[in-house]
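Quick look at input-v8.txt (compact mmCIF, C-alpha atoms and all ligand atoms):
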# COMPACT_ATOMS: atom_id res chain seq x y z
CA MET A 207 12.92 24.57 -36.99
CA SER A 208 10.89 21.90 -38.71
CA GLU A 209 8.18 20.06 -36.79
CA ASN A 210 10.00 16.88 -37.55
CA LEU A 211 13.10 18.07 -35.69
CA ILE A 212 11.06 19.35 -32.74
CA GLU A 213 9.44 15.95 -32.47
CA GLN A 214 12.77 14.17 -32.65
CA HIS A 215 14.20 16.35 -29.87
CA LEU A 216 11.13 15.90 -27.68
CA LYS A 217 11.39 12.17 -28.21
CA ALA A 218 15.10 12.16 -27.33
CA LEU A 219 14.24 14.01 -24.10
CA SER A 220 11.29 11.64 -23.40
CA LEU A 221 8.89 14.60 -23.32
CA HIS A 222 6.12 12.45 -24.79
CA ARG A 223 3.14 14.37 -23.54
CA ILE A 224 4.54 17.66 -24.90
CA ASN A 225 5.07 15.88 -28.19
CA GLU A 226 1.41 14.92 -28.27
CA THR A 227 0.10 18.35 -27.34
CA TYR A 228 2.51 21.09 -28.41
CA LYS A 229 0.79 21.75 -31.76
CA ILE A 230 -2.74 22.05 -30.44
CA GLU A 231 -1.46 24.06 -27.48
CA ALA A 232 0.33 26.39 -29.92
CA GLU A 233 -2.90 26.91 -31.85
CA ASN A 234 -4.78 27.58 -28.62
CA ALA A 235 -2.06 29.96 -27.46
CA ALA A 236 -2.20 31.88 -30.75
CA LYS A 237 -6.00 32.16 -30.55
CA ALA A 238 -5.93 33.28 -26.92
CA LYS A 239 -2.91 35.54 -27.52
CA ILE A 240 -0.88 33.71 -24.90
CA GLY A 241 2.81 34.69 -24.88
CA TYR A 242 5.80 32.42 -25.49
CA GLN A 243 6.71 32.03 -21.84
CA ASP A 244 3.19 31.12 -20.78
CA TYR A 245 2.99 28.65 -23.64
CA LEU A 246 6.25 27.03 -22.55
CA GLN A 247 5.11 26.98 -18.93
CA ARG A 248 1.86 25.27 -19.94
CA LEU A 249 3.68 22.59 -21.91
CA LEU A 250 6.03 21.88 -19.02
CA GLU A 251 3.12 21.59 -16.59
CA ILE A 252 1.33 19.19 -18.90
CA GLU A 253 4.46 17.02 -19.06
CA ILE A 254 4.99 17.06 -15.29
CA ILE A 255 1.37 16.07 -14.58
CA SER A 256 1.60 13.25 -17.08
CA LYS A 257 4.91 11.99 -15.63
CA ILE A 258 3.44 12.00 -12.10
CA GLU A 259 0.37 10.11 -13.31
CA ARG A 260 2.51 7.53 -15.06
CA SER A 261 4.70 7.06 -12.02
CA ILE A 262 1.64 6.58 -9.79
CA ASN A 263 0.14 4.09 -12.22
CA ARG A 264 3.38 2.14 -12.28
CA LYS A 265 3.56 2.14 -8.49
CA MET A 266 -0.07 0.97 -8.29
CA GLN A 267 0.77 -1.96 -10.60
CA ILE A 268 3.83 -2.88 -8.53
CA ALA A 269 1.85 -2.60 -5.27
CA GLY A 270 -0.47 -5.38 -6.45
CA PHE A 271 -3.60 -4.42 -4.52
CA PRO A 272 -6.32 -7.05 -4.99
CA GLN A 273 -8.92 -4.26 -5.19
CA ILE A 274 -8.85 -0.52 -4.76
CA LYS A 275 -10.40 0.75 -1.53
CA LYS A 276 -10.62 4.33 -0.32
CA LEU A 277 -10.84 5.69 3.18
CA GLU A 278 -13.70 7.94 2.03
CA GLU A 279 -15.74 4.79 1.33
CA PHE A 280 -15.27 3.48 4.84
CA ASP A 281 -18.33 3.86 7.04
CA PHE A 282 -16.91 4.56 10.50
CA SER A 283 -20.40 4.73 12.02
CA TYR A 284 -20.75 1.01 11.28
CA GLN A 285 -17.56 0.24 13.21
CA PRO A 286 -17.66 2.71 16.14
CA LYS A 287 -14.88 0.91 18.07
CA ILE A 288 -12.34 2.05 15.46
CA ASN A 289 -10.61 5.28 16.44
CA GLU A 290 -11.59 7.28 13.37
CA LYS A 291 -9.49 10.27 14.33
CA LEU A 292 -6.36 8.14 14.60
CA ILE A 293 -7.03 6.47 11.24
CA ARG A 294 -7.42 9.91 9.67
CA GLU A 295 -4.15 11.02 11.25
CA LEU A 296 -2.46 7.90 9.94
CA SER A 297 -3.70 8.71 6.45
CA SER A 298 -1.37 11.72 6.54
CA LEU A 299 1.31 8.99 6.32
CA ASN A 300 3.61 10.34 9.04
CA PHE A 301 3.86 6.77 10.31
CA LEU A 302 5.94 5.94 7.24
CA GLU A 303 8.59 8.53 8.09
CA GLU A 304 8.73 7.13 11.62
CA ALA A 305 8.83 3.52 10.37
CA LYS A 306 5.87 2.64 12.59
CA ASN A 307 3.65 -0.38 12.00
CA ILE A 308 -0.11 -0.72 11.95
CA LEU A 309 -1.91 -3.88 13.03
CA PHE A 310 -5.57 -4.51 12.33
CA VAL A 311 -6.82 -7.39 14.43
CA GLY A 312 -10.37 -8.69 14.23
CA ALA A 313 -12.91 -11.18 12.95
CA PRO A 314 -13.66 -11.52 9.22
CA GLY A 315 -15.58 -8.69 7.56
CA VAL A 316 -14.81 -5.87 10.00
CA GLY A 317 -12.89 -3.89 7.38
CA LYS A 318 -9.26 -4.79 8.10
CA THR A 319 -8.26 -5.29 4.48
CA HIS A 320 -10.26 -2.24 3.41
CA LEU A 321 -8.39 0.00 5.86
CA ALA A 322 -5.01 -1.51 4.99
CA ILE A 323 -5.54 -1.05 1.25
CA SER A 324 -6.87 2.51 1.73
CA LEU A 325 -3.69 3.53 3.52
CA GLY A 326 -1.59 1.75 0.89
CA VAL A 327 -3.40 3.51 -1.96
CA LYS A 328 -2.93 6.83 -0.19
CA ALA A 329 0.79 6.11 0.10
CA VAL A 330 1.06 5.29 -3.61
CA HIS A 331 -0.65 8.60 -4.40
CA GLU A 332 2.08 10.25 -2.34
CA ARG A 333 4.51 8.40 -4.63
CA LYS A 334 5.65 5.90 -2.02
CA ARG A 335 6.70 2.38 -2.94
CA VAL A 336 4.12 -0.04 -1.57
CA MET A 337 3.76 -3.81 -1.84
CA PHE A 338 0.67 -5.78 -0.88
CA PHE A 339 0.93 -9.48 -0.05
CA THR A 340 -1.29 -12.03 1.51
CA ALA A 341 0.64 -13.71 4.31
CA GLU A 342 0.44 -16.94 2.32
CA ASN A 343 1.85 -15.37 -0.80
CA LEU A 344 4.65 -13.62 1.02
CA THR A 345 5.62 -16.82 2.79
CA LEU A 346 5.69 -18.71 -0.51
CA GLN A 347 7.88 -16.02 -2.08
CA LEU A 348 10.32 -16.05 0.83
CA ALA A 349 10.48 -19.84 0.82
CA SER A 350 11.10 -20.01 -2.91
CA ALA A 351 13.75 -17.26 -2.65
CA GLU A 352 15.51 -19.33 -0.02
CA VAL A 353 15.40 -22.48 -2.15
CA SER A 354 16.86 -20.65 -5.14
CA GLY A 355 19.57 -18.99 -3.04
CA ASN A 356 18.06 -15.51 -3.43
CA LEU A 357 16.82 -14.93 0.11
CA ASN A 358 19.24 -12.12 0.91
CA ARG A 359 18.53 -10.33 -2.32
CA THR A 360 14.77 -10.67 -1.80
CA LEU A 361 15.00 -9.38 1.78
CA GLU A 362 17.18 -6.49 0.58
CA SER A 363 14.70 -5.49 -2.08
CA LEU A 364 11.78 -5.79 0.36
CA SER A 365 13.64 -3.55 2.78
CA ARG A 366 13.74 -0.77 0.17
CA VAL A 367 9.93 -0.67 -0.14
CA ASP A 368 8.33 2.20 1.83
CA LEU A 369 5.33 0.17 3.00
CA ILE A 370 4.67 -3.55 3.07
CA ILE A 371 1.12 -4.74 3.65
CA ILE A 372 0.69 -8.31 4.86
CA ASP A 373 -2.95 -9.36 4.69
CA GLU A 374 -4.67 -12.30 6.35
CA LEU A 375 -1.95 -13.41 8.70
CA GLY A 376 -3.28 -16.30 10.74
CA TYR A 377 -5.63 -17.95 8.27
CA LEU A 378 -2.90 -20.46 7.59
CA SER A 379 -0.16 -21.62 9.93
CA LEU A 380 3.45 -21.33 8.92
CA THR A 381 5.98 -24.11 9.29
CA LYS A 382 8.82 -23.53 11.74
CA GLN A 383 11.13 -22.95 8.78
CA THR A 384 8.91 -20.35 7.02
CA ALA A 385 8.23 -18.69 10.39
CA LYS A 386 11.97 -18.03 10.61
CA LEU A 387 11.96 -16.46 7.14
CA PHE A 388 9.04 -14.29 8.20
CA PHE A 389 11.00 -13.29 11.31
CA GLN A 390 13.98 -12.30 9.15
CA LEU A 391 11.79 -9.96 7.12
CA ILE A 392 10.29 -8.38 10.24
CA SER A 393 13.76 -7.94 11.75
CA LYS A 394 15.10 -6.40 8.59
CA ARG A 395 12.33 -3.76 8.56
CA TYR A 396 12.38 -3.16 12.29
CA GLU A 397 12.80 0.60 12.89
CA SER A 398 13.58 1.10 9.22
CA GLY A 399 10.33 0.56 7.30
CA SER A 400 6.62 0.31 8.03
CA ILE A 401 4.47 -2.79 7.83
CA ILE A 402 0.69 -3.02 7.96
CA ILE A 403 -0.63 -6.40 9.07
CA THR A 404 -4.18 -7.65 9.11
CA THR A 405 -5.01 -10.72 11.14
CA ASN A 406 -7.97 -12.57 12.59
CA LYS A 407 -5.83 -13.90 15.44
CA PRO A 408 -5.39 -12.03 18.73
CA PHE A 409 -1.74 -11.63 19.75
CA GLU A 410 -1.99 -14.38 22.42
CA GLU A 411 -2.62 -16.88 19.62
CA TRP A 412 0.27 -15.92 17.39
CA GLY A 413 2.29 -18.86 18.71
CA GLU A 414 -0.14 -21.06 16.73
CA ILE A 415 0.39 -19.09 13.51
CA PHE A 416 4.16 -19.50 13.67
CA ASN A 417 4.21 -22.94 15.23
CA ASP A 418 6.72 -21.59 17.69
CA ASP A 419 6.06 -19.42 20.75
CA ILE A 420 9.56 -17.98 20.87
CA VAL A 421 9.65 -16.92 17.23
CA ALA A 422 6.09 -15.57 17.56
CA SER A 423 6.99 -13.43 20.54
CA ALA A 424 10.18 -12.20 18.84
CA ILE A 425 8.09 -11.18 15.82
CA LEU A 426 5.40 -9.53 17.96
CA ASP A 427 8.00 -7.71 20.02
CA ARG A 428 9.48 -6.01 16.98
CA LEU A 429 6.15 -5.34 15.27
CA LEU A 430 4.53 -3.82 18.34
CA HIS A 431 7.46 -1.77 19.61
CA HIS A 432 6.61 1.24 17.40
CA SER A 433 3.07 0.53 16.32
CA TYR A 434 -0.59 1.39 16.15
CA PRO A 435 -2.58 -1.73 17.04
CA PHE A 436 -6.32 -1.65 16.25
CA LEU A 437 -8.42 -4.33 17.88
CA ILE A 438 -11.66 -4.27 15.91
CA ASN A 439 -14.36 -6.26 17.62
CA GLY A 440 -17.42 -5.03 15.73
CA LYS A 441 -19.91 -6.65 13.37
CA SER A 442 -19.02 -7.98 9.93
CA PHE A 443 -19.82 -5.49 7.18
CA ARG A 444 -20.63 -8.45 4.93
CA MET A 445 -23.61 -9.14 7.22
CA LYS A 446 -24.84 -5.55 7.05
CA ASN A 447 -27.67 -6.05 4.55
CA ILE A 448 -28.55 -9.50 5.85
CA VAL A 449 -28.98 -8.12 9.36
CA LYS A 450 -30.96 -5.15 8.02
CA ASN A 451 -33.38 -7.36 6.09
CA ASN A 452 -34.22 -9.52 9.08
N1 LIG B 501 -17.05 0.08 7.78
C1 LIG B 501 -17.09 -0.20 6.48
N2 LIG B 501 -17.57 0.70 5.58
C2 LIG B 501 -17.65 0.41 4.26
N3 LIG B 501 -17.29 -0.78 3.73
C3 LIG B 501 -16.81 -1.73 4.57
C4 LIG B 501 -16.68 -1.49 5.97
N4 LIG B 501 -16.17 -2.59 6.54
C5 LIG B 501 -15.99 -3.47 5.56
N5 LIG B 501 -16.39 -2.97 4.37
C6 LIG B 501 -16.43 -3.68 3.09
O1 LIG B 501 -16.85 -5.01 3.39
C7 LIG B 501 -16.08 -5.97 2.69
C8 LIG B 501 -15.30 -6.82 3.70
O2 LIG B 501 -14.32 -5.99 4.34
P1 LIG B 501 -12.79 -6.41 4.50
O3 LIG B 501 -11.99 -5.18 4.66
O4 LIG B 501 -12.42 -7.31 3.37
O5 LIG B 501 -12.88 -7.22 5.85
P2 LIG B 501 -11.77 -8.06 6.61
O6 LIG B 501 -10.49 -7.86 5.90
O7 LIG B 501 -11.79 -7.53 8.01
O8 LIG B 501 -12.25 -9.48 6.56
C9 LIG B 501 -15.17 -5.18 1.77
O9 LIG B 501 -15.82 -5.08 0.51
C10 LIG B 501 -15.07 -3.83 2.43
O10 LIG B 501 -14.85 -2.79 1.48
MG MG B 502 -9.39 -9.27 4.88
Turn this file's structure into structure tokens for me.
Amino acid sequence: MSENLIEQHLKALSLHRINETYKIEAENAAKAKIGYQDYLQRLLEIEIISKIERSINRKMQIAGFPQIKKLEEFDFSYQPKINEKLIRELSSLNFLEEAKNILFVGAPGVGKTHLAISLGVKAVHERKRVMFFTAENLTLQLASAEVSGNLNRTLESLSRVDLIIIDELGYLSLTKQTAKLFFQLISKRYESGSIIITTNKPFEEWGEIFNDDIVASAILDRLLHHSYPFLINGKSFRMKNIVKNN
């Protein structure tokens, strides 16, 4: 078989990585006296690894994390009120199978977004579909979907995502109308898909976020029913060096 035909077939089968490497791997196999089956096995493994990497990269792009944060970079000794053991358990991602939610509540700088992103990144590495939004952004997207008559389709597609992260809920208040859209999303995912929320507002003040106590308590009810709430009342990490230098 000519190389040209091999390359055409590999292309037709979308085995791009094998296409790039089969010649050099064949030379290496000949030098190392590796048999046909082992050579084939190696090529297949190379292709699988490359396909997994590409799928993870695509999922990372879709997730839209504002930065990449890792749990390994999180200094738990700086925030001793956080239940480290529980966070580590959550990083095994069982909460996704159980459609449980995670809420990080606390003042600015205590690491809420860091923890949320870390869990999201971990989920992408396990090939889950994740989407990161700021509360403001999500609200805008829901509102514009409603205006253009696409609300149901948008809610449907959001309900197929394995994990939705909503960051910075509470920095801006929602109107009564957008609060209802937010409620629809939370209802749609209730007991079917996980949400991670970060907020600076304690639950008692959520009526202010949504401009409506009844909608706020309906949202909280569903979010908290199967959830892991973390109330983080430690020092801001952003102040760490400032405090040290004084
Ligand atoms: N305990 C921690 N260990 C390491 N880095 C931290 C810790 N807490 C916060 N940070 C870092 O400090 C900055 C602010 O944290 P962030 O998660 O954005 O806070 P929040 O969302 O609570 O306002 C980020 O760069 C984050 O990575
Ligand atoms: Mg934050």
Please provide the set of residues having any atom within 10 Å of stretch 289-303 of chain A, restricted to all atoms listed in the file, with same-chain residues fewer than 2 positions apart removed, written as a PyMOL selection string. chain A and resi 277+281-283+285-287+305-308+321+324-329+332+334+368-369+398-401+432-434+436-438
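You will find atom CA of A:Glu342 at 21.5 Å from atom C6 of ligand LIG 501 (chain B).
Considering all atoms listed in the file, the residues that reside within 7 Å of ligand LIG 501 (chain B) can be listed as Lys275, Glu279, Phe280, Asp281, Phe282, Tyr284, Gln285, Gly312, Ala313, Pro314, Gly315, Val316, Gly317, Lys318, Thr319, His320, Leu321, Ser442, Phe443 and Arg444 of chain A.
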If you keep C-alpha atoms, can you produce a file of those selected residues as an mmCIF file, in the frame of the given file?
data_model
loop_
_atom_site.group_PDB
_atom_site.id
_atom_site.type_symbol
_atom_site.label_atom_id
_atom_site.label_comp_id
_atom_site.auth_asym_id
_atom_site.auth_seq_id
_atom_site.Cartn_x
_atom_site.Cartn_y
_atom_site.Cartn_z
ATOM 1 C CA LYS A 275 -10.400 0.750 -1.530
ATOM 2 C CA GLU A 279 -15.740 4.790 1.330
ATOM 3 C CA PHE A 280 -15.270 3.480 4.840
ATOM 4 C CA ASP A 281 -18.330 3.860 7.040
ATOM 5 C CA PHE A 282 -16.910 4.560 10.500
ATOM 6 C CA TYR A 284 -20.750 1.010 11.280
ATOM 7 C CA GLN A 285 -17.560 0.240 13.210
ATOM 8 C CA GLY A 312 -10.370 -8.690 14.230
ATOM 9 C CA ALA A 313 -12.910 -11.180 12.950
ATOM 10 C CA PRO A 314 -13.660 -11.520 9.220
ATOM 11 C CA GLY A 315 -15.580 -8.690 7.560
ATOM 12 C CA VAL A 316 -14.810 -5.870 10.000
ATOM 13 C CA GLY A 317 -12.890 -3.890 7.380
ATOM 14 C CA LYS A 318 -9.260 -4.790 8.100
ATOM 15 C CA THR A 319 -8.260 -5.290 4.480
ATOM 16 C CA HIS A 320 -10.260 -2.240 3.410
ATOM 17 C CA LEU A 321 -8.390 0.000 5.860
ATOM 18 C CA SER A 442 -19.020 -7.980 9.930
ATOM 19 C CA PHE A 443 -19.820 -5.490 7.180
ATOM 20 C CA ARG A 444 -20.630 -8.450 4.930
#
Exercise: stretch 223-227 of chain A partners within 12 Å, only C-alpha atoms, chain neighbours under 5 positions left out, as a PyMOL selection string: chain A and resi 209-218+232-235+245-260
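Going from atom CA of A:Val353 to atom CA of A:Ala385 covers 14.9 Å.
Separating atom CA of A:Glu362 from atom CA of A:Thr340 is a distance of 19.3 Å.
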Give me the residues within 10 Å of A:Asn358 as a tab-separated table (two decimals) with C-alpha atoms, in the frame of the given file, counting all atoms listed in the file and dropping any in the same chain fewer than 6 places off.
chain	number	residue	atom	x	y	z
A	348	LEU	CA	10.32	-16.05	0.83
A	351	ALA	CA	13.75	-17.26	-2.65
A	352	GLU	CA	15.51	-19.33	-0.02
A	364	LEU	CA	11.78	-5.79	0.36
A	390	GLN	CA	13.98	-12.30	9.15
A	391	LEU	CA	11.79	-9.96	7.12
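For the set A:Glu304, A:Glu374, A:Asp244, A:Glu278, the residue with the smallest atom-to-atom gap to ligand MG 502 (chain B) is A:Glu374, counting only C-alpha atoms and all ligand atoms.
If all atoms listed in the file are the atoms counted, then among A:Ser423, A:Asn263, A:Ser350, A:Gln273 the closest residue to ligand MG 502 (chain B) is A:Gln273.
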Do a neighbour search on A:Ala341 at 8 Å with all atoms listed in the file, toss out local chain neighbours closer than 5 positions, and write the hits as a short mmCIF file (atom, residue, chain, number, x, y, z; two decimals) with C-alpha atoms, keeping the file's coordinate frame.
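Done, and the output landed in around.cif:
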data_model
loop_
_atom_site.label_atom_id
_atom_site.label_comp_id
_atom_site.auth_asym_id
_atom_site.auth_seq_id
_atom_site.Cartn_x
_atom_site.Cartn_y
_atom_site.Cartn_z
CA ILE A 372 0.69 -8.31 4.86
CA ASP A 373 -2.95 -9.36 4.69
CA GLU A 374 -4.67 -12.30 6.35
CA LEU A 375 -1.95 -13.41 8.70
CA GLY A 376 -3.28 -16.30 10.74
#
Taking all atoms listed in the file into account, which of A:Leu346, A:Leu378, A:Ile371, A:Met337 comes nearest A:Ile415? A:Leu378
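Among the candidate residues A:Val330, A:Leu426, A:Ala236, A:Ile288, the one lying nearest to A:Gly440 is A:Ile288, with distances computed using all atoms listed in the file.
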